[in-house]
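Q: I am sharing entry05.pdb, which consists of PDB, C-alpha atoms:
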ATOM      1  CA  MET V 274      54.424 123.072 137.010  1.00  0.00           C
ATOM      2  CA  ALA V 275      52.960 120.300 134.873  1.00  0.00           C
ATOM      3  CA  LYS V 276      49.213 119.997 134.581  1.00  0.00           C
ATOM      4  CA  SER V 277      47.376 116.799 133.837  1.00  0.00           C
ATOM      5  CA  GLU V 278      45.668 116.551 130.469  1.00  0.00           C
ATOM      6  CA  ILE V 279      42.790 114.110 129.916  1.00  0.00           C
ATOM      7  CA  GLU V 280      41.913 114.034 126.254  1.00  0.00           C
ATOM      8  CA  PHE V 281      39.924 111.738 123.989  1.00  0.00           C
ATOM      9  CA  LYS V 282      40.642 111.562 120.226  1.00  0.00           C
ATOM     10  CA  PHE V 283      38.277 110.604 117.422  1.00  0.00           C
ATOM     11  CA  LEU V 284      38.427 110.336 113.649  1.00  0.00           C
ATOM     12  CA  VAL V 285      35.979 112.656 111.914  1.00  0.00           C
ATOM     13  CA  ASP V 286      33.852 112.545 108.782  1.00  0.00           C
ATOM     14  CA  LYS V 287      35.299 115.655 107.119  1.00  0.00           C
ATOM     15  CA  LYS V 288      32.324 116.384 104.847  1.00  0.00           C
ATOM     16  CA  GLU V 289      29.805 116.083 107.710  1.00  0.00           C
ATOM     17  CA  PHE V 290      31.991 118.227 109.960  1.00  0.00           C
ATOM     18  CA  LEU V 291      32.511 121.031 107.444  1.00  0.00           C
ATOM     19  CA  ASN V 292      28.720 121.164 106.891  1.00  0.00           C
ATOM     20  CA  ASP V 293      28.045 121.623 110.629  1.00  0.00           C
ATOM     21  CA  PRO V 294      26.725 125.194 111.095  1.00  0.00           C
ATOM     22  CA  ASN V 295      28.145 125.345 114.639  1.00  0.00           C
ATOM     23  CA  ILE V 296      31.849 125.125 113.732  1.00  0.00           C
ATOM     24  CA  GLU V 297      34.110 128.110 114.299  1.00  0.00           C
ATOM     25  CA  LYS V 298      37.650 128.378 112.959  1.00  0.00           C
ATOM     26  CA  TYR V 299      39.894 129.046 115.921  1.00  0.00           C
ATOM     27  CA  LEU V 300      43.481 129.019 114.657  1.00  0.00           C
ATOM     28  CA  HIS V 301      46.063 127.933 112.101  1.00  0.00           C
ATOM     29  CA  SER V 302      49.076 126.133 113.528  1.00  0.00           C
ATOM     30  CA  ARG V 303      52.448 124.905 112.362  1.00  0.00           C
ATOM     31  CA  GLN V 304      54.020 122.595 114.915  1.00  0.00           C
ATOM     32  CA  GLY V 305      57.651 121.542 114.781  1.00  0.00           C
ATOM     33  CA  TYR V 306      58.854 118.588 116.828  1.00  0.00           C
ATOM     34  CA  PHE V 307      62.250 117.960 118.365  1.00  0.00           C
ATOM     35  CA  HIS V 308      63.580 114.421 118.597  1.00  0.00           C
ATOM     36  CA  VAL V 309      62.810 113.006 122.066  1.00  0.00           C
ATOM     37  CA  THR V 310      64.825 110.202 123.643  1.00  0.00           C
ATOM     38  CA  GLU V 311      63.638 110.562 127.254  1.00  0.00           C
ATOM     39  CA  GLU V 312      61.235 107.729 128.091  1.00  0.00           C
ATOM     40  CA  ALA V 313      59.062 109.963 130.311  1.00  0.00           C
ATOM     41  CA  VAL V 314      58.408 112.495 127.517  1.00  0.00           C
ATOM     42  CA  SER V 315      56.238 111.752 124.477  1.00  0.00           C
ATOM     43  CA  SER V 316      56.715 115.071 122.667  1.00  0.00           C
ATOM     44  CA  PHE V 317      58.586 118.365 122.742  1.00  0.00           C
ATOM     45  CA  ARG V 318      57.401 120.934 120.229  1.00  0.00           C
ATOM     46  CA  ILE V 319      57.306 124.541 119.186  1.00  0.00           C
ATOM     47  CA  ALA V 320      53.996 125.801 117.775  1.00  0.00           C
ATOM     48  CA  LEU V 321      53.580 128.889 115.600  1.00  0.00           C
ATOM     49  CA  ILE V 322      49.935 129.884 115.988  1.00  0.00           C
ATOM     50  CA  ASP V 323      47.838 132.425 114.100  1.00  0.00           C
ATOM     51  CA  TYR V 324      44.474 133.065 115.780  1.00  0.00           C
ATOM     52  CA  ALA V 325      41.609 133.364 113.278  1.00  0.00           C
ATOM     53  CA  GLU V 326      39.449 135.928 115.081  1.00  0.00           C
ATOM     54  CA  THR V 327      42.108 138.356 116.352  1.00  0.00           C
ATOM     55  CA  GLY V 328      44.971 137.779 113.915  1.00  0.00           C
ATOM     56  CA  GLU V 329      47.323 137.495 116.912  1.00  0.00           C
ATOM     57  CA  GLN V 330      50.488 135.485 116.221  1.00  0.00           C
ATOM     58  CA  VAL V 331      52.114 133.599 119.091  1.00  0.00           C
ATOM     59  CA  SER V 332      54.714 130.918 119.678  1.00  0.00           C
ATOM     60  CA  ILE V 333      54.273 128.226 122.301  1.00  0.00           C
ATOM     61  CA  ILE V 334      56.740 125.673 123.653  1.00  0.00           C
ATOM     62  CA  ASN V 335      55.001 122.491 124.768  1.00  0.00           C
ATOM     63  CA  MET V 336      56.180 119.253 126.368  1.00  0.00           C
ATOM     64  CA  LYS V 337      53.933 116.249 127.011  1.00  0.00           C
ATOM     65  CA  GLY V 338      54.571 113.187 129.128  1.00  0.00           C
ATOM     66  CA  ASN V 339      53.677 109.641 128.178  1.00  0.00           C
ATOM     67  CA  ARG V 340      50.015 108.689 128.157  1.00  0.00           C
ATOM     68  CA  THR V 341      48.247 106.518 130.733  1.00  0.00           C
ATOM     69  CA  GLY V 342      44.804 105.855 129.254  1.00  0.00           C
ATOM     70  CA  ALA V 343      43.583 109.287 128.159  1.00  0.00           C
ATOM     71  CA  SER V 344      45.779 111.168 130.695  1.00  0.00           C
ATOM     72  CA  ARG V 345      49.260 112.657 130.544  1.00  0.00           C
ATOM     73  CA  ALA V 346      51.308 115.509 132.026  1.00  0.00           C
ATOM     74  CA  GLU V 347      51.721 118.695 129.995  1.00  0.00           C
ATOM     75  CA  ILE V 348      53.873 121.821 130.323  1.00  0.00           C
ATOM     76  CA  GLU V 349      53.287 124.797 128.040  1.00  0.00           C
ATOM     77  CA  THR V 350      54.436 128.435 127.851  1.00  0.00           C
ATOM     78  CA  LYS V 351      54.390 131.312 125.360  1.00  0.00           C
ATOM     79  CA  ILE V 352      57.626 132.717 123.980  1.00  0.00           C
ATOM     80  CA  PRO V 353      58.327 135.644 121.615  1.00  0.00           C
ATOM     81  CA  ARG V 354      57.312 134.877 117.996  1.00  0.00           C
ATOM     82  CA  SER V 355      60.782 135.619 116.582  1.00  0.00           C
ATOM     83  CA  ILE V 356      62.374 133.072 118.954  1.00  0.00           C
ATOM     84  CA  GLY V 357      59.622 130.570 118.090  1.00  0.00           C
ATOM     85  CA  GLU V 358      60.313 130.958 114.368  1.00  0.00           C
ATOM     86  CA  ASP V 359      64.043 130.417 114.933  1.00  0.00           C
ATOM     87  CA  MET V 360      63.321 127.304 117.025  1.00  0.00           C
ATOM     88  CA  PHE V 361      60.801 125.997 114.450  1.00  0.00           C
ATOM     89  CA  ALA V 362      63.548 126.164 111.811  1.00  0.00           C
ATOM     90  CA  MET V 363      65.593 123.735 113.955  1.00  0.00           C
ATOM     91  CA  THR V 364      62.896 121.079 114.326  1.00  0.00           C
ATOM     92  CA  ASN V 365      63.171 117.637 112.753  1.00  0.00           C
ATOM     93  CA  HIS V 366      59.522 117.091 111.743  1.00  0.00           C
ATOM     94  CA  SER V 367      56.399 119.231 111.487  1.00  0.00           C
ATOM     95  CA  ILE V 368      52.663 119.275 110.866  1.00  0.00           C
ATOM     96  CA  GLU V 369      50.275 121.979 109.687  1.00  0.00           C
ATOM     97  CA  LYS V 370      46.595 122.235 110.544  1.00  0.00           C
ATOM     98  CA  ASP V 371      43.572 124.433 111.098  1.00  0.00           C
ATOM     99  CA  ARG V 372      41.749 124.044 114.391  1.00  0.00           C
ATOM    100  CA  TYR V 373      38.023 124.544 114.800  1.00  0.00           C
ATOM    101  CA  HIS V 374      35.936 124.801 117.963  1.00  0.00           C
ATOM    102  CA  VAL V 375      32.488 123.316 118.488  1.00  0.00           C
ATOM    103  CA  LYS V 376      30.614 123.423 121.789  1.00  0.00           C
ATOM    104  CA  ALA V 377      30.216 119.932 123.260  1.00  0.00           C
ATOM    105  CA  ASN V 378      27.233 118.628 125.197  1.00  0.00           C
ATOM    106  CA  GLY V 379      28.290 116.719 128.284  1.00  0.00           C
ATOM    107  CA  SER V 380      27.899 116.096 131.980  1.00  0.00           C
ATOM    108  CA  VAL V 381      30.029 119.166 132.797  1.00  0.00           C
ATOM    109  CA  PRO V 382      29.601 122.689 131.371  1.00  0.00           C
ATOM    110  CA  ASP V 383      31.941 124.400 128.896  1.00  0.00           C
ATOM    111  CA  LEU V 384      33.276 121.309 127.126  1.00  0.00           C
ATOM    112  CA  MET V 385      34.677 122.189 123.707  1.00  0.00           C
ATOM    113  CA  TRP V 386      35.460 119.940 120.754  1.00  0.00           C
ATOM    114  CA  GLU V 387      38.753 120.905 119.122  1.00  0.00           C
ATOM    115  CA  VAL V 388      38.761 119.602 115.577  1.00  0.00           C
ATOM    116  CA  ASP V 389      41.996 119.599 113.563  1.00  0.00           C
ATOM    117  CA  VAL V 390      41.934 119.626 109.754  1.00  0.00           C
ATOM    118  CA  TYR V 391      45.404 118.660 108.517  1.00  0.00           C
ATOM    119  CA  TYR V 392      47.415 119.755 105.467  1.00  0.00           C
ATOM    120  CA  GLY V 393      50.427 118.432 103.565  1.00  0.00           C
ATOM    121  CA  GLU V 394      51.303 114.787 104.084  1.00  0.00           C
ATOM    122  CA  ASN V 395      48.526 114.449 106.671  1.00  0.00           C
ATOM    123  CA  PHE V 396      45.758 115.494 104.270  1.00  0.00           C
ATOM    124  CA  PRO V 397      42.834 114.475 104.352  1.00  0.00           C
ATOM    125  CA  LEU V 398      43.035 113.626 108.070  1.00  0.00           C
ATOM    126  CA  VAL V 399      40.551 115.244 110.464  1.00  0.00           C
ATOM    127  CA  VAL V 400      40.780 114.474 114.202  1.00  0.00           C
ATOM    128  CA  ALA V 401      38.500 115.702 117.001  1.00  0.00           C
ATOM    129  CA  GLU V 402      39.792 116.036 120.542  1.00  0.00           C
ATOM    130  CA  LEU V 403      37.790 116.537 123.696  1.00  0.00           C
ATOM    131  CA  GLU V 404      39.671 117.525 126.844  1.00  0.00           C
ATOM    132  CA  VAL V 405      37.759 116.657 130.018  1.00  0.00           C
ATOM    133  CA  PRO V 406      38.377 117.259 133.739  1.00  0.00           C
ATOM    134  CA  SER V 407      38.108 113.528 134.576  1.00  0.00           C
ATOM    135  CA  GLU V 408      37.893 110.262 132.651  1.00  0.00           C
ATOM    136  CA  ASP V 409      34.370 109.558 133.917  1.00  0.00           C
ATOM    137  CA  VAL V 410      32.831 112.651 132.257  1.00  0.00           C
ATOM    138  CA  THR V 411      30.059 111.730 129.831  1.00  0.00           C
ATOM    139  CA  PHE V 412      29.500 113.570 126.551  1.00  0.00           C
ATOM    140  CA  GLU V 413      27.456 113.359 123.376  1.00  0.00           C
ATOM    141  CA  LYS V 414      29.231 112.610 120.123  1.00  0.00           C
ATOM    142  CA  PRO V 415      28.174 114.744 117.136  1.00  0.00           C
ATOM    143  CA  GLU V 416      27.159 112.912 113.941  1.00  0.00           C
ATOM    144  CA  TRP V 417      30.562 113.652 112.402  1.00  0.00           C
ATOM    145  CA  ILE V 418      32.437 111.624 115.047  1.00  0.00           C
ATOM    146  CA  LEU V 419      33.422 108.238 113.572  1.00  0.00           C
ATOM    147  CA  LYS V 420      35.932 106.218 115.608  1.00  0.00           C
ATOM    148  CA  ASN V 421      37.658 106.569 118.972  1.00  0.00           C
ATOM    149  CA  VAL V 422      41.452 106.566 118.384  1.00  0.00           C
ATOM    150  CA  THR V 423      42.565 107.695 121.856  1.00  0.00           C
ATOM    151  CA  ASP V 424      44.617 104.501 122.222  1.00  0.00           C
ATOM    152  CA  ASP V 425      46.074 104.634 118.676  1.00  0.00           C
ATOM    153  CA  ASP V 426      49.402 106.458 118.968  1.00  0.00           C
ATOM    154  CA  ARG V 427      49.547 107.053 115.196  1.00  0.00           C
ATOM    155  CA  PHE V 428      46.999 109.866 115.543  1.00  0.00           C
ATOM    156  CA  TYR V 429      48.982 111.979 118.003  1.00  0.00           C
ATOM    157  CA  ASN V 430      50.602 115.031 116.423  1.00  0.00           C
ATOM    158  CA  ALA V 431      54.166 114.140 117.383  1.00  0.00           C
ATOM    159  CA  ASN V 432      53.775 110.766 115.666  1.00  0.00           C
ATOM    160  CA  LEU V 433      51.978 112.268 112.647  1.00  0.00           C
ATOM    161  CA  SER V 434      54.958 114.581 112.177  1.00  0.00           C
ATOM    162  CA  GLU V 435      57.230 111.554 111.726  1.00  0.00           C
ATOM    163  CA  VAL V 436      54.847 109.057 110.075  1.00  0.00           C
ATOM    164  CA  PRO V 437      52.129 111.083 108.319  1.00  0.00           C
ATOM    165  CA  VAL V 438      48.760 109.601 107.388  1.00  0.00           C
ATOM    166  CA  SER V 439      49.919 109.493 103.741  1.00  0.00           C
ATOM    167  CA  GLU V 440      52.116 106.538 104.759  1.00  0.00           C
ATOM    168  CA  PHE V 441      49.098 104.509 105.977  1.00  0.00           C
ATOM    169  CA  LEU V 442      46.337 106.097 103.904  1.00  0.00           C
ATOM    170  CA  GLU V 443      44.671 102.852 102.837  1.00  0.00           C
ATOM    171  CA  GLU V 444      44.416 101.697 106.450  1.00  0.00           C
ATOM    172  CA  TYR V 445      43.135 105.153 107.503  1.00  0.00           C
ATOM    173  CA  PHE V 446      40.343 105.044 104.910  1.00  0.00           C
ATOM    174  CA  ALA V 447      39.409 101.540 106.055  1.00  0.00           C
ATOM    175  CA  MET V 448      38.920 102.924 109.591  1.00  0.00           C
ATOM    176  CA  LEU V 449      36.365 105.452 108.358  1.00  0.00           C
TER     177      LEU V 449
END
Would you encode the structure as structure tokens?

A:
Amino acid sequence: MAKSEIEFKFLVDKKEFLNDPNIEKYLHSRQGYFHVTEEAVSSFRIALIDYAETGEQVSIINMKGNRTGASRAEIETKIPRSIGEDMFAMTNHSIEKDRYHVKANGSVPDLMWEVDVYYGENFPLVVAELEVPSEDVTFEKPEWILKNVTDDDRFYNANLSEVPVSEFLEEYFAML
């Protein structure tokens, strides 16, 4: 059954973020994307995830619907790592990133910033995401948050796998 995901995205000042004493590395992820032609689906991916604290390695299949504002449907399930690696080898495009967690201050408890530091053709991109239970939740933005890019499709992982930030680097730096 699909759940609804409400998520805001922001560009991040990488230097400020990496100097924040509250950051905690959560995982390293390689995400491979399959070509999607269905208009109701924005991405279909396989993620190979290595958790920083436990060393656990998992594979996750994920499908996301098209966005309406900051909301969209999402379906996700774990699969055996060996199957995930075989599927990843069949993907058309991929990204690689480290994800960090930082506790967020907001109008509801237990909000968590997820901050992605990208590698490869998406270096030096850093994007913070905040998933909230409703679009009217209020939250404080840390000093390292620069610009809201929730409505800019270029900064969604599926799109970054096809058109990496290296292809619009000058425009990216102008946004910072």

Q: Pick out the closest residue to Phe412 (chain V) from this set: V:Met385, V:Leu398, V:Val309, V:Ala346. Count all atoms listed in the file.

A: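 Under the stated criterion, the closest residue is V:Met385.
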
Q: Please list as a PyMOL selection string every residue within 12 Å of Arg354 (chain V), counting all atoms listed in the file and excluding residues in the same chain fewer than 3 positions away.

A: chain V and resi 319-323+329-334+351+357-361

Q: Excluding Arg427 (chain V) and its own-chain neighbours fewer than 6 positions away, which residues fall within 10 Å of it when counting all atoms listed in the file? Please give them as a list in words.

A: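 That gives Leu433, Ser434, Glu435, Val436, Pro437, Val438 and Phe441 of chain V.
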
Q: Could you check how far CA of Ser344 (chain V) sits from CA of Glu416 (chain V), in Å to one decimal?

A: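 Spanning CA of Ser344 (chain V) to CA of Glu416 (chain V) is a straight-line distance of 25.1 Å.
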
Q: Please, what distance in Å, to one decimal, runs between CA of Phe428 (chain V) and CA of Ala275 (chain V)?

A: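 We find that CA of Phe428 (chain V) and CA of Ala275 (chain V) lie 22.8 Å from each other.
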
Q: Counting only C-alpha atoms, which of V:Thr341, V:Phe290, V:Gly328, V:Ala313 gets nearest to Asp426 (chain V)?

A: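 Ranked by minimum distance to Asp426 (chain V), first place goes to V:Thr341.
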
Q: Hey, can you check how far CA of Ile352 (chain V) sits from CA of Phe307 (chain V)?

A: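 Atom-to-atom, CA of Ile352 (chain V) and CA of Phe307 (chain V) are spaced 16.5 Å apart.
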
Q: With all atoms listed in the file as the atoms that count, which of V:Arg303, V:Ala431, V:Arg318, V:Ala343 lies nearest to Gly393 (chain V)?

A: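 For Gly393 (chain V), the nearest of the given residues is V:Arg303.
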
Q: For a quick check of understanding, using all atoms listed in the file, which of V:Ser355, V:His366, V:Ala325, V:Ala377 has the smallest distance to Pro415 (chain V)?

A: V:Ala377

Q: Select, from V:Ile356, V:Val381, V:Tyr324, V:Phe283, the residue with the minimum atom-to-atom distance to Asp409 (chain V), counting all atoms listed in the file.

A: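 The shortest atom-to-atom distance to Asp409 (chain V) comes from V:Val381.
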
Q: From the list V:Glu408, V:Asn335, V:Asp286, V:Gly305, which residue is nearest Phe446 (chain V) when using all atoms listed in the file?

A: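 For Phe446 (chain V), the nearest of the given residues is V:Asp286.
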
Q: Which polymer residues have any atom within 8 Å of an atom of Gly338 (chain V), counting only C-alpha atoms, with same-chain residues fewer than 5 positions away left out, as an mmCIF file with C-alpha atoms, in the coordinates of the input?

A:
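The result, stored in result_4.cif:
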data_model
loop_
_atom_site.group_PDB
_atom_site.id
_atom_site.type_symbol
_atom_site.label_atom_id
_atom_site.label_comp_id
_atom_site.auth_asym_id
_atom_site.auth_seq_id
_atom_site.Cartn_x
_atom_site.Cartn_y
_atom_site.Cartn_z
ATOM 1 C CA ALA V 313 59.062 109.963 130.311
ATOM 2 C CA VAL V 314 58.408 112.495 127.517
ATOM 3 C CA SER V 315 56.238 111.752 124.477
ATOM 4 C CA SER V 316 56.715 115.071 122.667
ATOM 5 C CA ARG V 345 49.260 112.657 130.544
ATOM 6 C CA ALA V 346 51.308 115.509 132.026
ATOM 7 C CA GLU V 347 51.721 118.695 129.995
#

Q: Around region 380-387 of chain V, with edges along x, y and z and 6 Å added on all six sides, what centre and edge lengths do you get, in Å to one decimal, as AutoDock Vina command-line options?

A:
--center_x 33.3 --center_y 120.2 --center_z 126.0 --size_x 22.9 --size_y 20.3 --size_z 25.7

Q: Report as a list in words the residues that result from applying the PyMOL selection byres ((chain V and resi 384) around 9) to the structure here.

A: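 Output of the PyMOL selection byres ((chain V and resi 384) around 9): Val375, Lys376, Ala377, Asn378, Gly379, Ser380, Val381, Pro382, Asp383, Met385, Trp386, Leu403, Glu404, Val405 and Phe412 of chain V.
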
Q: Give as a PyMOL selection string every residue, naming chains and numbers as the document does, that has an atom within 12 Å of (42.1, 116.4, 103.3), counting all atoms listed in the file.

A: chain V and resi 285-288+291+369-371+389-400+438-439+442+446

Q: Could you please give me, as a ChimeraX atom specification, the residues of protein, DNA or RNA lying at most 9 Å from (36.6, 108.6, 116.5) in the coordinate frame of the file, considering only C-alpha atoms?

A: /V:281-285,400-401,417-423,449

Q: As a check of understanding, name the residues that the PyMOL selection byres ((chain V and resi 298) around 7) selects in the supplied structure, as a PyMOL selection string.

A: chain V and resi 296-297+299-300+325+372-374
